[in-house]
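This is upload14.cif. It holds mmCIF, C-alpha atoms.
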data_entry
loop_
_atom_site.label_atom_id
_atom_site.label_comp_id
_atom_site.auth_asym_id
_atom_site.auth_seq_id
_atom_site.Cartn_x
_atom_site.Cartn_y
_atom_site.Cartn_z
CA MET A 1 -23.24 257.58 2.20
CA LYS A 2 -21.34 260.84 2.33
CA ASP A 3 -19.79 262.10 5.55
CA ALA A 4 -22.07 265.16 5.48
CA ALA A 5 -25.31 265.87 3.72
CA ASP A 6 -25.29 266.43 -0.05
CA PRO A 7 -26.29 270.10 -0.21
CA GLY A 8 -28.66 269.76 -3.20
CA ALA A 9 -31.44 272.26 -2.66
CA ASN A 10 -29.65 273.40 0.50
CA ALA A 11 -26.49 274.62 -1.26
CA GLY A 12 -24.78 277.25 0.85
CA LYS A 13 -26.61 276.14 4.01
CA PHE A 14 -25.55 274.00 6.94
CA ASN A 15 -21.85 274.73 6.45
CA ASP A 16 -20.78 276.75 9.48
CA PRO A 17 -21.64 275.46 12.96
CA GLU A 18 -21.75 279.02 14.30
CA VAL A 19 -23.76 280.92 11.69
CA THR A 20 -26.39 280.23 9.03
CA ALA A 21 -26.02 281.13 5.35
CA ASP A 22 -27.40 284.63 5.96
CA GLY A 23 -24.99 285.28 8.83
CA SER A 24 -27.48 284.75 11.68
CA ALA A 25 -26.44 282.95 14.85
CA ARG A 26 -27.14 279.25 14.43
CA ALA A 27 -29.34 277.63 17.06
CA ARG A 28 -27.62 275.30 19.50
CA VAL A 29 -29.04 272.77 21.92
CA ALA A 30 -27.57 271.89 25.31
CA LEU A 31 -27.90 268.48 26.94
CA THR A 32 -30.27 269.74 29.61
CA ALA A 33 -32.11 266.60 30.69
CA PRO A 34 -30.58 263.30 29.54
CA GLN A 35 -33.39 260.76 29.45
CA THR A 36 -32.44 258.19 26.78
CA LEU A 37 -29.10 256.63 25.92
CA TRP A 38 -29.21 254.83 22.57
CA PHE A 39 -26.90 252.09 21.36
CA ASN A 40 -26.59 251.15 17.70
CA THR A 41 -26.08 247.40 17.81
CA GLY A 42 -24.61 247.32 14.27
CA THR A 43 -25.80 248.28 10.79
CA LEU A 44 -26.18 244.75 9.43
CA CYS A 45 -29.82 243.88 8.68
CA ASN A 46 -31.62 240.90 7.20
CA ILE A 47 -33.34 243.15 4.62
CA GLU A 48 -32.53 246.28 2.62
CA CYS A 49 -35.31 248.85 2.75
CA LEU A 50 -35.91 251.34 -0.02
CA ASN A 51 -35.47 254.48 2.08
CA CYS A 52 -33.44 253.38 5.11
CA TYR A 53 -31.80 256.50 6.54
CA ILE A 54 -28.85 254.47 7.82
CA GLU A 55 -28.58 252.26 4.70
CA SER A 56 -28.80 249.04 6.72
CA SER A 57 -28.47 245.89 4.64
CA PRO A 58 -27.11 242.34 4.76
CA ASP A 59 -23.64 243.69 3.88
CA ASN A 60 -23.42 247.16 5.50
CA ASP A 61 -21.06 246.75 8.44
CA ARG A 62 -19.91 250.37 8.73
CA LEU A 63 -21.16 250.19 12.29
CA VAL A 64 -20.08 246.85 13.74
CA TYR A 65 -21.63 244.80 16.51
CA ILE A 66 -21.36 246.41 19.92
CA THR A 67 -20.64 244.03 22.80
CA THR A 68 -22.25 243.49 26.18
CA ALA A 69 -19.08 244.67 27.93
CA GLU A 70 -19.10 247.92 25.93
CA VAL A 71 -22.74 248.54 26.81
CA GLU A 72 -22.00 247.85 30.48
CA ASP A 73 -19.16 250.38 30.40
CA TYR A 74 -21.48 253.15 29.20
CA LEU A 75 -24.09 252.20 31.77
CA ASP A 76 -21.37 252.63 34.39
CA GLN A 77 -20.62 256.05 32.90
CA VAL A 78 -24.29 257.04 33.19
CA ASP A 79 -24.05 256.32 36.92
CA ALA A 80 -20.73 258.12 37.28
CA ARG A 81 -21.94 261.25 35.46
CA GLY A 82 -25.22 261.36 37.36
CA TRP A 83 -27.31 261.49 34.20
CA GLY A 84 -31.02 261.17 34.85
CA VAL A 85 -31.44 258.53 32.17
CA THR A 86 -34.54 256.37 32.55
CA GLU A 87 -34.56 254.63 29.16
CA ILE A 88 -31.98 252.65 27.21
CA GLY A 89 -32.72 252.21 23.50
CA PHE A 90 -31.28 249.76 20.99
CA THR A 91 -31.43 250.29 17.25
CA GLY A 92 -29.62 249.02 14.15
CA GLY A 93 -29.51 247.64 11.53
CA GLU A 94 -31.59 244.90 13.00
CA PRO A 95 -30.64 244.50 16.68
CA PHE A 96 -31.47 240.79 16.69
CA MET A 97 -28.65 240.20 14.19
CA ASN A 98 -26.18 240.98 17.00
CA PRO A 99 -25.11 237.65 18.57
CA ASP A 100 -24.95 239.25 22.05
CA ILE A 101 -28.38 240.91 21.87
CA ILE A 102 -30.10 239.02 24.67
CA GLU A 103 -27.33 239.75 27.18
CA ILE A 104 -27.04 243.31 25.83
CA VAL A 105 -30.74 243.90 26.53
CA ARG A 106 -30.55 242.14 29.88
CA ALA A 107 -27.76 244.46 31.10
CA PRO A 108 -29.87 247.64 31.47
CA LEU A 109 -32.97 245.71 32.54
CA LYS A 110 -31.00 244.30 35.49
CA ARG A 111 -30.20 247.87 36.52
CA GLY A 112 -33.84 248.90 36.50
CA TYR A 113 -33.98 250.84 33.23
CA ASP A 114 -36.86 250.84 30.81
CA VAL A 115 -35.55 249.29 27.59
CA LEU A 116 -36.71 249.96 24.03
CA VAL A 117 -35.63 247.72 21.15
CA LEU A 118 -36.37 248.73 17.55
CA THR A 119 -36.89 245.69 15.33
CA ASN A 120 -38.53 244.48 12.16
CA ALA A 121 -39.69 241.36 14.13
CA MET A 122 -38.62 239.13 11.26
CA ARG A 123 -36.42 236.06 11.07
CA PRO A 124 -33.44 237.26 13.16
CA MET A 125 -35.83 237.69 16.11
CA MET A 126 -37.57 234.41 15.38
CA ARG A 127 -34.53 232.16 15.72
CA LYS A 128 -34.97 229.50 18.41
CA ARG A 129 -32.18 230.81 20.66
CA VAL A 130 -33.33 234.41 20.41
CA LYS A 131 -36.97 233.52 21.06
CA ALA A 132 -35.99 231.59 24.18
CA GLY A 133 -33.94 234.52 25.43
CA LEU A 134 -36.66 237.05 24.69
CA GLN A 135 -39.31 234.96 26.42
CA GLU A 136 -37.07 234.77 29.47
CA LEU A 137 -36.62 238.56 29.50
CA VAL A 138 -40.35 239.20 29.08
CA THR A 139 -41.13 236.80 31.92
CA ALA A 140 -38.54 238.40 34.19
CA TYR A 141 -39.04 242.08 33.36
CA GLY A 142 -42.50 242.41 31.83
CA ASP A 143 -43.38 245.88 30.61
CA LYS A 144 -39.92 247.24 31.41
CA LEU A 145 -39.05 245.92 27.93
CA THR A 146 -40.75 247.34 24.83
CA LEU A 147 -40.30 246.03 21.29
CA ARG A 148 -41.03 248.80 18.77
CA VAL A 149 -41.79 247.06 15.49
CA SER A 150 -41.29 248.78 12.14
CA VAL A 151 -44.59 248.67 10.27
CA ASP A 152 -44.04 251.30 7.61
CA HIS A 153 -47.70 251.27 6.61
CA TRP A 154 -50.82 249.50 7.80
CA ASP A 155 -51.39 248.28 4.23
CA GLU A 156 -49.40 245.23 3.13
CA ALA A 157 -48.72 246.49 -0.41
CA ASN A 158 -47.27 249.81 0.74
CA HIS A 159 -45.20 248.21 3.49
CA ASP A 160 -43.80 245.62 1.08
CA ALA A 161 -43.00 248.32 -1.49
CA GLU A 162 -40.52 249.69 1.06
CA ARG A 163 -39.27 246.46 2.60
CA GLY A 164 -39.63 243.73 -0.01
CA LYS A 165 -42.26 241.19 -0.99
CA GLY A 166 -43.47 239.14 1.95
CA ALA A 167 -42.02 241.49 4.59
CA PHE A 168 -45.41 242.47 5.98
CA ALA A 169 -46.48 238.87 6.51
CA ARG A 170 -43.21 237.95 8.24
CA THR A 171 -43.43 241.00 10.51
CA LEU A 172 -47.01 240.13 11.47
CA GLU A 173 -45.86 236.60 12.29
CA GLY A 174 -43.24 238.03 14.64
CA MET A 175 -45.74 240.42 16.23
CA GLN A 176 -48.20 237.59 16.79
CA TRP A 177 -45.51 235.64 18.59
CA LEU A 178 -44.64 238.68 20.73
CA ARG A 179 -48.36 239.08 21.52
CA ASP A 180 -48.62 235.46 22.58
CA ILE A 181 -45.68 235.68 25.03
CA GLY A 182 -47.09 238.88 26.56
CA ALA A 183 -44.40 241.23 25.26
CA ARG A 184 -45.11 244.95 25.31
CA MET A 185 -45.18 246.21 21.72
CA ALA A 186 -45.17 249.58 19.99
CA VAL A 187 -45.07 250.40 16.27
CA ALA A 188 -43.05 252.77 14.11
CA GLY A 189 -44.76 253.88 10.90
CA ARG A 190 -44.16 256.57 8.30
CA THR A 191 -46.10 259.59 7.08
CA VAL A 192 -45.27 259.45 3.37
CA TRP A 193 -48.54 258.04 2.06
CA GLY A 194 -50.59 261.21 1.56
CA GLU A 195 -52.89 260.42 4.48
CA THR A 196 -53.91 262.67 7.34
CA GLU A 197 -52.62 261.65 10.74
CA GLU A 198 -56.19 260.88 11.79
CA GLU A 199 -56.69 258.55 8.81
CA SER A 200 -53.38 256.81 9.41
CA ARG A 201 -53.99 256.24 13.11
CA ALA A 202 -57.50 254.93 12.46
CA SER A 203 -56.13 252.40 9.97
CA TYR A 204 -53.38 251.27 12.36
CA ALA A 205 -56.05 250.86 15.04
CA ALA A 206 -58.02 248.60 12.69
CA LEU A 207 -54.90 246.53 11.99
CA TYR A 208 -54.24 246.12 15.73
CA ALA A 209 -57.86 245.14 16.38
CA ARG A 210 -57.77 242.44 13.68
CA HIS A 211 -54.77 240.81 15.34
CA ASN A 212 -55.56 241.58 18.98
CA PHE A 213 -52.40 243.64 19.37
CA LYS A 214 -52.53 245.70 22.56
CA ILE A 215 -51.04 248.83 20.98
CA ASP A 216 -52.62 252.27 21.28
CA ALA A 217 -52.89 253.78 17.81
CA GLN A 218 -53.70 257.22 19.23
CA ASP A 219 -50.71 257.41 21.58
CA PRO A 220 -47.77 259.04 19.71
CA GLY A 221 -45.37 257.15 21.93
CA MET A 222 -46.88 253.77 21.07
CA THR A 223 -47.62 254.36 17.38
CA VAL A 224 -44.82 256.64 16.25
CA LEU A 225 -45.30 258.17 12.80
CA PHE A 226 -42.02 259.44 11.38
CA PRO A 227 -41.73 262.06 8.62
CA GLU A 228 -39.58 261.36 5.58
CA MET A 229 -35.88 262.10 6.18
CA ASP A 230 -34.81 263.48 2.80
CA GLU A 231 -31.47 265.26 3.05
CA ALA A 232 -31.94 266.79 -0.42
CA ALA A 233 -35.24 268.49 0.42
CA GLU A 234 -34.98 272.24 0.89
CA VAL A 235 -35.43 273.24 4.51
CA PRO A 236 -34.76 276.44 6.45
CA GLU A 237 -31.85 276.76 8.83
CA ILE A 238 -32.71 277.20 12.50
CA THR A 239 -31.38 280.40 14.06
CA THR A 240 -31.46 281.46 17.70
CA ALA A 241 -34.38 283.74 16.80
CA CYS A 242 -36.43 280.77 15.58
CA TRP A 243 -37.17 279.55 19.10
CA SER A 244 -39.41 282.50 19.87
CA ILE A 245 -40.76 282.75 16.30
CA LEU A 246 -41.79 279.07 16.30
CA GLY A 247 -42.86 279.07 19.93
CA LYS A 248 -40.50 276.19 20.67
CA SER A 249 -37.81 275.54 23.24
CA PRO A 250 -34.36 273.99 22.74
CA GLU A 251 -35.30 271.56 25.52
CA SER A 252 -37.92 270.02 23.21
CA VAL A 253 -35.36 268.89 20.65
CA MET A 254 -34.10 265.30 20.78
CA CYS A 255 -30.43 266.16 21.35
CA ALA A 256 -31.40 267.93 24.61
CA SER A 257 -32.33 264.58 26.11
CA SER A 258 -30.45 261.81 24.29
CA ARG A 259 -27.15 260.57 22.90
CA MET A 260 -26.23 257.45 20.87
CA VAL A 261 -23.27 255.10 21.16
CA VAL A 262 -21.92 253.45 18.00
CA LYS A 263 -18.88 251.35 17.14
CA ARG A 264 -17.34 252.14 13.77
CA LYS A 265 -15.68 249.46 11.68
CA GLY A 266 -11.98 249.39 12.51
CA ALA A 267 -12.32 251.53 15.64
CA ASP A 268 -10.79 250.39 18.93
CA THR A 269 -13.58 251.86 21.03
CA PRO A 270 -17.16 253.04 20.55
CA ALA A 271 -18.00 256.71 19.99
CA VAL A 272 -20.82 258.89 21.29
CA LEU A 273 -22.96 260.78 18.78
CA ALA A 274 -25.22 263.76 19.29
CA CYS A 275 -28.04 262.28 17.26
CA THR A 276 -29.49 258.89 16.39
CA LEU A 277 -30.30 260.12 12.87
CA LEU A 278 -26.77 261.12 11.82
CA PRO A 279 -24.55 258.08 12.40
CA TYR A 280 -22.10 258.80 9.58
CA ASP A 281 -21.69 262.59 9.88
CA SER A 282 -18.41 263.31 11.69
CA ARG A 283 -19.64 266.77 12.70
CA PHE A 284 -21.98 265.09 15.18
CA GLU A 285 -19.41 262.77 16.78
CA MET A 286 -18.65 264.04 20.28
CA GLY A 287 -15.90 261.76 21.58
CA THR A 288 -15.63 258.35 23.19
CA THR A 289 -17.06 259.14 26.63
CA LEU A 290 -20.30 260.50 28.01
CA GLU A 291 -18.37 263.31 29.66
CA GLU A 292 -17.21 264.52 26.23
CA ALA A 293 -20.78 264.23 24.97
CA GLU A 294 -22.15 266.72 27.48
CA ARG A 295 -21.36 269.73 25.30
CA ASP A 296 -24.04 271.46 23.25
CA VAL A 297 -24.96 270.63 19.65
CA ALA A 298 -25.12 273.01 16.68
CA LEU A 299 -28.25 272.41 14.58
CA ASN A 300 -26.16 272.18 11.44
CA HIS A 301 -28.00 269.59 9.33
CA PRO A 302 -31.29 269.47 7.38
CA HIS A 303 -32.59 266.75 9.71
CA CYS A 304 -32.19 269.13 12.67
CA ALA A 305 -34.63 271.52 11.02
CA LYS A 306 -37.14 269.28 9.23
CA PHE A 307 -37.28 266.23 11.46
CA CYS A 308 -36.65 267.58 14.96
CA VAL A 309 -37.47 271.29 15.22
CA LEU A 310 -40.18 271.71 12.57
CA GLY A 311 -41.41 268.09 12.58
CA GLY A 312 -41.30 267.73 16.35
CA ALA A 313 -40.27 264.11 16.00
CA SER A 314 -38.36 262.02 18.50
CA CYS A 315 -36.97 258.50 18.45
CA SER A 316 -37.94 257.91 22.06
CA GLY A 317 -41.35 257.10 23.40
#
As structure tokens, how would this structure be written, given the file I've shared?
Amino acid sequence: MKDAADPGANAGKFNDPEVTADGSARARVALTAPQTLWFNTGTLCNIECLNCYIESSPDNDRLVYITTAEVEDYLDQVDARGWGVTEIGFTGGEPFMNPDIIEIVRAPLKRGYDVLVLTNAMRPMMRKRVKAGLQELVTAYGDKLTLRVSVDHWDEANHDAERGKGAFARTLEGMQWLRDIGARMAVAGRTVWGETEEESRASYAALYARHNFKIDAQDPGMTVLFPEMDEAAEVPEITTACWSILGKSPESVMCASSRMVVKRKGADTPAVLACTLLPYDSRFEMGTTLEEAERDVALNHPHCAKFCVLGGASCSG
């Protein structure tokens, strides 16, 4: 993956952090209300999906495993900076590939945070040691822990077209086990199937009913439907004038309320990024501390426009 987006249809755009291609002032977003601190647990994954935005795979270790001690350090920084964070999120790769994942998840739960773990609920989660650890966490912390399972589509054939033959069945097996231990579940799907949102949510609801999954298909925080993240698609740049034109506020954009910690291969320490969606773009790396990450963010990438401002999407619940 390139360090910055391939311009493609956006040639001439998203080059200058201060101004757009037509010379207008580029929109910026301040960290006004930090609510979620994300950690990427590492980009290794047990599968390789067709359109994975972070290119996770069994051999992509560009982001290496973060450790419990490193997570604890950033939780200490949250306290020291007085951030109003209520949620700690873990993403990957597949978080359950990380050998420290149970203790990593336990760390913020012990401090009283709500914790969100994004997972495919497949074999890494279903290992005996991991299952024992997860059951212990669910017993101890209940609904403070949410597992958001990637179910790209409610239909097995479409899901497997993205994730590989048999993926849907293995994910359902994992979800059934989570159901049986009383774990709080959510689902992440995609909106690339030519369906209306109403049709999609109705079909997810039918899937949940068949398997007695206690997931609300109508709640956008429990069944999150993500738009396609295509860096080559032509999108408009967001100027300061767009806020009033679109009737939106900078405070509604994801980088107003969240940051993500990653550890790059070969790096001595983790780094803090402005956005969960741009792990490889150096323009969105803010430093190694939360203090450095308190500065504002220039909306200088197609994802900023299509996914966040125009799409209104968020990785948090």
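The space separating atom CA of Asp219 of chain A from atom CA of Val235 of chain A comes to 27.8 Å.
If you look at atom CA of Tyr53 of chain A and atom CA of Ser282 of chain A, they are 15.9 Å away from each other.
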Is it possible to get the axis-aligned box enclosing segment 172-180 of chain A (all listed atoms, 8 Å extra per side) as lines of an AutoDock Vina configuration file, with centre and edge lengths in Å rounded to one decimal?
center_x = -45.9
center_y = 237.9
center_z = 17.0
size_x = 21.4
size_y = 21.0
size_z = 27.1
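Across the structure, atom CA of Glu55 of chain A and atom CA of Gly93 of chain A are spaced 8.3 Å apart.
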Please evaluate the PyMOL selection byres ((chain A and resi 38) around 6) against the displayed coordinates and give the resulting residues as a ChimeraX atom specification. /A:37,39,88-90,260
Prev. selection, C-alpha atoms, output as a PDB file, in the frame of the given file:
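Output file result-v4.pdb is given in full below:
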ATOM      1  CA  LEU A  37     -29.100 256.630  25.920  1.00  0.00           C
ATOM      2  CA  PHE A  39     -26.900 252.090  21.360  1.00  0.00           C
ATOM      3  CA  ILE A  88     -31.980 252.650  27.210  1.00  0.00           C
ATOM      4  CA  GLY A  89     -32.720 252.210  23.500  1.00  0.00           C
ATOM      5  CA  PHE A  90     -31.280 249.760  20.990  1.00  0.00           C
ATOM      6  CA  MET A 260     -26.230 257.450  20.870  1.00  0.00           C
TER       7      MET A 260
END
Apply the PyMOL selection byres ((chain A and resi 111-114) around 10) to the file shown and report the selected residues as a PyMOL selection string. chain A and resi 36+75+85-89+106-110+115-116+141+143-146
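Residues matched by the PyMOL selection byres ((chain A and resi 188) around 10) in this file: Leu118, Thr119, Asn120, Arg148, Val149, Ser150, Val151, Asp152, His153, Ala186, Val187, Gly189, Arg190, Pro220, Gly221, Met222, Thr223, Val224, Leu225, Phe226 and Cys315 of chain A.
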Just write the chosen residues, C-alpha atoms, as a PDB file, keeping the file's coordinate frame.
ATOM      1  CA  LEU A 118     -36.370 248.730  17.550  1.00  0.00           C
ATOM      2  CA  THR A 119     -36.890 245.690  15.330  1.00  0.00           C
ATOM      3  CA  ASN A 120     -38.530 244.480  12.160  1.00  0.00           C
ATOM      4  CA  ARG A 148     -41.030 248.800  18.770  1.00  0.00           C
ATOM      5  CA  VAL A 149     -41.790 247.060  15.490  1.00  0.00           C
ATOM      6  CA  SER A 150     -41.290 248.780  12.140  1.00  0.00           C
ATOM      7  CA  VAL A 151     -44.590 248.670  10.270  1.00  0.00           C
ATOM      8  CA  ASP A 152     -44.040 251.300   7.610  1.00  0.00           C
ATOM      9  CA  HIS A 153     -47.700 251.270   6.610  1.00  0.00           C
ATOM     10  CA  ALA A 186     -45.170 249.580  19.990  1.00  0.00           C
ATOM     11  CA  VAL A 187     -45.070 250.400  16.270  1.00  0.00           C
ATOM     12  CA  GLY A 189     -44.760 253.880  10.900  1.00  0.00           C
ATOM     13  CA  ARG A 190     -44.160 256.570   8.300  1.00  0.00           C
ATOM     14  CA  PRO A 220     -47.770 259.040  19.710  1.00  0.00           C
ATOM     15  CA  GLY A 221     -45.370 257.150  21.930  1.00  0.00           C
ATOM     16  CA  MET A 222     -46.880 253.770  21.070  1.00  0.00           C
ATOM     17  CA  THR A 223     -47.620 254.360  17.380  1.00  0.00           C
ATOM     18  CA  VAL A 224     -44.820 256.640  16.250  1.00  0.00           C
ATOM     19  CA  LEU A 225     -45.300 258.170  12.800  1.00  0.00           C
ATOM     20  CA  PHE A 226     -42.020 259.440  11.380  1.00  0.00           C
ATOM     21  CA  CYS A 315     -36.970 258.500  18.450  1.00  0.00           C
TER      22      CYS A 315
END
Could you list, as an MDAnalysis selection string, every residue within 10 Å of Ala267 of chain A, counting all atoms listed in the file and ignoring same-chain residues fewer than 4 positions away? chainID A and resid 63:64 263 271
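Closest approach to Ala183 of chain A among A:Thr139, A:Ser257, A:Thr276, A:Asn300: A:Thr139, based on all atoms listed in the file.
Around Cys275 of chain A, within 8 Å and counting all atoms listed in the file, the residues found are Met254, Cys255, Ser258, Arg259, Met260, Leu273, Leu277, Leu278, Pro279 and Phe284 of chain A, once anything fewer than 2 positions away on its own chain is removed.
Take the candidates A:Val309, A:Leu290, A:Ala33, A:Cys52 and check each one against Asp76 of chain A using all atoms listed in the file; the shortest distance goes to A:Leu290.
Take the candidates A:Gln135, A:Asn10, A:Thr32, A:Thr41 and check each one against Pro250 of chain A using all atoms listed in the file; the shortest distance goes to A:Thr32.
For the choices A:Thr196, A:Ser203, A:Thr191, A:Asn212, the atom-to-atom distance to Gln176 of chain A is smallest for A:Asn212 when using all atoms listed in the file.
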Kindly add N, CA and C atoms to the incomplete segment 50-71 of chain A and provide the output as an mmCIF file, in the coordinates of the input.
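Saved result, part14.cif, follows:
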data_model
loop_
_atom_site.group_PDB
_atom_site.id
_atom_site.type_symbol
_atom_site.label_atom_id
_atom_site.label_comp_id
_atom_site.auth_asym_id
_atom_site.auth_seq_id
_atom_site.Cartn_x
_atom_site.Cartn_y
_atom_site.Cartn_z
ATOM 1 N N LEU A 50 -36.059 250.375 1.053
ATOM 2 C CA LEU A 50 -35.910 251.340 -0.020
ATOM 3 C C LEU A 50 -35.374 252.676 0.460
ATOM 4 N N ASN A 51 -35.852 253.155 1.607
ATOM 5 C CA ASN A 51 -35.470 254.480 2.080
ATOM 6 C C ASN A 51 -34.887 254.442 3.491
ATOM 7 N N CYS A 52 -34.049 253.482 3.779
ATOM 8 C CA CYS A 52 -33.440 253.380 5.110
ATOM 9 C C CYS A 52 -32.442 254.512 5.306
ATOM 10 N N TYR A 53 -32.662 255.337 6.336
ATOM 11 C CA TYR A 53 -31.800 256.500 6.540
ATOM 12 C C TYR A 53 -30.378 256.110 6.893
ATOM 13 N N ILE A 54 -30.179 254.912 7.419
ATOM 14 C CA ILE A 54 -28.850 254.470 7.820
ATOM 15 C C ILE A 54 -28.265 253.457 6.838
ATOM 16 N N GLU A 55 -29.013 253.177 5.758
ATOM 17 C CA GLU A 55 -28.580 252.260 4.700
ATOM 18 C C GLU A 55 -28.247 250.874 5.228
ATOM 19 N N SER A 56 -29.005 250.401 6.209
ATOM 20 C CA SER A 56 -28.800 249.040 6.720
ATOM 21 C C SER A 56 -29.077 248.030 5.621
ATOM 22 N N SER A 57 -28.319 246.932 5.664
ATOM 23 C CA SER A 57 -28.470 245.890 4.640
ATOM 24 C C SER A 57 -27.721 244.649 5.112
ATOM 25 N N PRO A 58 -27.852 243.539 4.384
ATOM 26 C CA PRO A 58 -27.110 242.340 4.760
ATOM 27 C C PRO A 58 -25.592 242.480 4.650
ATOM 28 N N ASP A 59 -25.102 243.552 4.004
ATOM 29 C CA ASP A 59 -23.640 243.690 3.880
ATOM 30 C C ASP A 59 -23.106 245.040 4.353
ATOM 31 N N ASN A 60 -23.929 245.883 4.972
ATOM 32 C CA ASN A 60 -23.420 247.160 5.500
ATOM 33 C C ASN A 60 -22.948 246.958 6.932
ATOM 34 N N ASP A 61 -21.625 246.899 7.100
ATOM 35 C CA ASP A 61 -21.060 246.750 8.440
ATOM 36 C C ASP A 61 -20.227 247.972 8.834
ATOM 37 N N ARG A 62 -20.625 249.145 8.351
ATOM 38 C CA ARG A 62 -19.910 250.370 8.730
ATOM 39 C C ARG A 62 -19.962 250.603 10.231
ATOM 40 N N LEU A 63 -21.080 250.229 10.841
ATOM 41 C CA LEU A 63 -21.160 250.190 12.290
ATOM 42 C C LEU A 63 -21.209 248.713 12.680
ATOM 43 N N VAL A 64 -20.210 248.279 13.427
ATOM 44 C CA VAL A 64 -20.080 246.850 13.740
ATOM 45 C C VAL A 64 -20.812 246.537 15.041
ATOM 46 N N TYR A 65 -20.902 245.238 15.334
ATOM 47 C CA TYR A 65 -21.630 244.800 16.510
ATOM 48 C C TYR A 65 -21.001 245.348 17.783
ATOM 49 N N ILE A 66 -21.808 245.990 18.604
ATOM 50 C CA ILE A 66 -21.360 246.410 19.920
ATOM 51 C C ILE A 66 -21.475 245.214 20.850
ATOM 52 N N THR A 67 -20.660 245.185 21.907
ATOM 53 C CA THR A 67 -20.640 244.030 22.800
ATOM 54 C C THR A 67 -21.326 244.353 24.126
ATOM 55 N N THR A 68 -21.646 243.311 24.860
ATOM 56 C CA THR A 68 -22.250 243.490 26.180
ATOM 57 C C THR A 68 -21.331 244.280 27.091
ATOM 58 N N ALA A 69 -20.032 243.972 27.067
ATOM 59 C CA ALA A 69 -19.080 244.670 27.930
ATOM 60 C C ALA A 69 -19.034 246.162 27.607
ATOM 61 N N GLU A 70 -19.119 246.505 26.321
ATOM 62 C CA GLU A 70 -19.100 247.920 25.930
ATOM 63 C C GLU A 70 -20.366 248.633 26.395
ATOM 64 N N VAL A 71 -21.498 247.961 26.294
ATOM 65 C CA VAL A 71 -22.740 248.540 26.810
ATOM 66 C C VAL A 71 -22.646 248.741 28.313
#
